[in-house]
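Contents: one structure, followed by commentary.
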2 protein chains.
Amino acid sequence: MTETTITDLPAPATPGSKSEQAYQAVKARIVEGAYTPGYRLVLAAIAKDLGFSVVPVREAIRRLEAEGLVTFERNVGATVSGIDPTEYLYTMQTLSIVEGAATALSAPLIDSVAIARARAVNREMRQCLDHFDPVRFTQLNQDFHSILFEHCPNPHILDLVHRGWNRLASLRSSTFRFVPGRARASVDEHEALLKLIETGADADDIEKAARIHRSATLDAYLAQAKTI
Amino acid sequence: MTETTITDLPAPATPGSKSEQAYQAVKARIVEGAYTPGYRLVLAAIAKDLGFSVVPVREAIRRLEAEGLVTFERNVGATVSGIDPTEYLYTMQTLSIVEGAATALSAPLIDSVAIARARAVNREMRQCLDHFDPVRFTQLNQDFHSILFEHCPNPHILDLVHRGWNRLASLRSSTFRFVPGRARASVDEHEALLKLIETGADADDIEKAARIHRSATLDAYLAQAKTI
DNA sequence: TCATAGTAAGTCGTATACGATTTCGTACCT
DNA sequence: AGGTACGAAATCGTATACGACTTACTATGA
């Protein structure tokens, strides 16, 4: 349906360069879970694997470090960033803020066609609930919000959203799991959000709704973590 | 008084490394205005100047690119990022959002001592108005907000604030100038903000006040730009 | 057995070198 | 004179090489 994925982001640097290729390759492996958190990223090994020398690989790793996907320690090396619950909290909280702002800023620019597409994605999400397909659910969730952000007037804020998504993706296949019941509520909130946008609600209300939509997932996680 | 400056930030990577030194050096020159927007950053020249080889310099430039301070083009080179009014708008708008959030999150954790320190800084800012010292005014303004953010519970958000400040710093000594009257209003808003924090006002109210405090500067700039 | 020093392996950090690409100037042709 | 093609200079992109640092292992002595 929608081909919006987490990878078609800024594409900032010099396309075609080996540095860029290495960046994309390593990032893909992290996001897809081939390199799990804690995995040791040895420059020489990656370079050999990709057929490059270590220099462009090194540059790629540093970029990933800047995005928070890997941790780098001098004279020691890089590892895929961990699943630290504190980091999760930070990232989710930050996302709630920037997604809220992005949604509010975009809302006035969303046309009815986009609304319809978002509704279709949301319907598909509801189906995922029945088949229990968390991976696809997460993908569709990003598609949904990507549609809302399509005409976001501030690319900086959009970039921050994408960075947050990338961080979360790196720990998708980790110990964190769906909180039962939360996913269904999320789908309902999507519908409510679309209604707000359609009716041209106040920007503050839209922002608040979008922010709570994200932070509720965080709250659900925290509540669950407390019971364990 | 306060020694909080724009340069004592994350200090993320490997301290002591030449790559890090080059990063700090080039960044300082941009922020201080030695390298003005549009300035051509030639790797070999910088390397020779610092006494390093090009490799660590290259890494430094790429980091600065990730922060938006320089623009990099494949096989061409890097230049100090420009003064594009659109970029200014994006940055200010983003700052209004993340500063607002940072202020609201920090407010409950600010003690009376910090409040007093912030007041002292704000008094000094008022004096700067009389002596007309815009550079010091800007510095004190950052000191003021840094005090409020001292115990910000979310380092990610704080990092976003710092990034925004850095971007603005790179165009401080450019065509952008103080908007007459705005600076004085800003000092008054600081006092109002402190009152809100002292009285334990609602987080939403604090966030809104802090956000408007920043976006009002943007509005003043836009209004002025329109008249020219 | 445990602690410790010494050593070897692994890995990173940076310098140097060279091929690739762009840019700019100049000469030639129309 | 204007435009195009060619060539040289400048600069970047990457490979290779080597020194520096960290880590883990091993052997030795208490």
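Going by the structure tokens order, chains are called A, B, ..., each with residues numbered from 1, while ligands are numbered from 1 in the order shown.
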Chain D residues near region 45-63 of chain A within 10 Å, closest pair each, using only C-alpha atoms (C1' of nucleotides), as a tab-separated table:
residue	atom	partner	partner_atom	distance
D:DG13	C1'	A:Pro56	CA	8.7
D:DT14	C1'	A:Val55	CA	7.0
D:DA15	C1'	A:Ser53	CA	6.2
D:DT16	C1'	A:Ser53	CA	8.7
**OP:** Per DSSP on the backbone, filter region 77-208 of chain A down to the residues in helix (DSSP H, G or I) and report them as a VMD selection string.
**Re:** chain A and resid 85 to 109 112 to 131 134 to 149 155 to 170 182 to 198 203 to 208
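Here is the contact set of chain A against chain C, at 12 Å and counting only C-alpha atoms (C1' of nucleotides): Ser17, Arg40, Leu41, Val42, Leu43, Ala44, Ala45, Val54, Val55, Arg58, Phe72, Glu73, Arg74, Asn75, Val76, Gly77 and Ala78 of chain A.
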Original post:
How far is it from CA of Val113 (chain A) to CA of Gly200 (chain A), in Å with one decimal?
Top reply: 15.2 Å
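One finds CA of Arg182 (chain A) at 14.8 Å from CA of Met92 (chain A).
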How close does each residue of chain A get to chain B, giving the shortest atom pair and distance in Å to one decimal for every residue with an atom at most 9 Å away, counting only C-alpha atoms, sorted by chain and residue number, as CSV?
residue,atom,partner,partner_atom,distance
A:Pro12,CA,B:Ala66,CA,8.6
A:Ala13,CA,B:Phe72,CA,7.5
A:Thr14,CA,B:Arg74,CA,5.1
A:Pro15,CA,B:Arg74,CA,8.1
A:Ser17,CA,B:Arg74,CA,8.2
A:Val55,CA,B:Val55,CA,8.5
A:Glu59,CA,B:Glu59,CA,6.7
A:Arg62,CA,B:Arg63,CA,8.1
A:Arg63,CA,B:Arg63,CA,7.4
A:Glu65,CA,B:Ala13,CA,9.0
A:Ala66,CA,B:Ala66,CA,7.6
A:Phe72,CA,B:Ala13,CA,7.5
A:Glu73,CA,B:Thr14,CA,6.6
A:Arg74,CA,B:Thr14,CA,5.2
A:Asn75,CA,B:Thr14,CA,8.7
A:Glu87,CA,B:His156,CA,8.9
A:Leu89,CA,B:Asn154,CA,8.6
A:Tyr90,CA,B:Asn154,CA,5.7
A:Thr91,CA,B:His156,CA,7.2
A:Gln93,CA,B:Asn154,CA,8.1
A:Thr94,CA,B:Ile157,CA,6.2
A:Ile97,CA,B:Ala101,CA,7.3
A:Val98,CA,B:Ile97,CA,7.7
A:Ala101,CA,B:Ile97,CA,7.3
A:Pro153,CA,B:Tyr90,CA,8.6
A:Asn154,CA,B:Tyr90,CA,5.7
A:Pro155,CA,B:Tyr90,CA,7.4
A:His156,CA,B:Tyr90,CA,6.4
A:Ile157,CA,B:Thr94,CA,6.2
A:Leu160,CA,B:Leu160,CA,8.9
**OP:** Give the strand (DSSP E or B) residues of region 15-202 of chain B, as DSSP finds them on the backbone, and put them as a count of residues only.
**Re:** 10
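The space separating CA of Ser106 (chain B) from CA of Val135 (chain B) comes to 26.5 Å.
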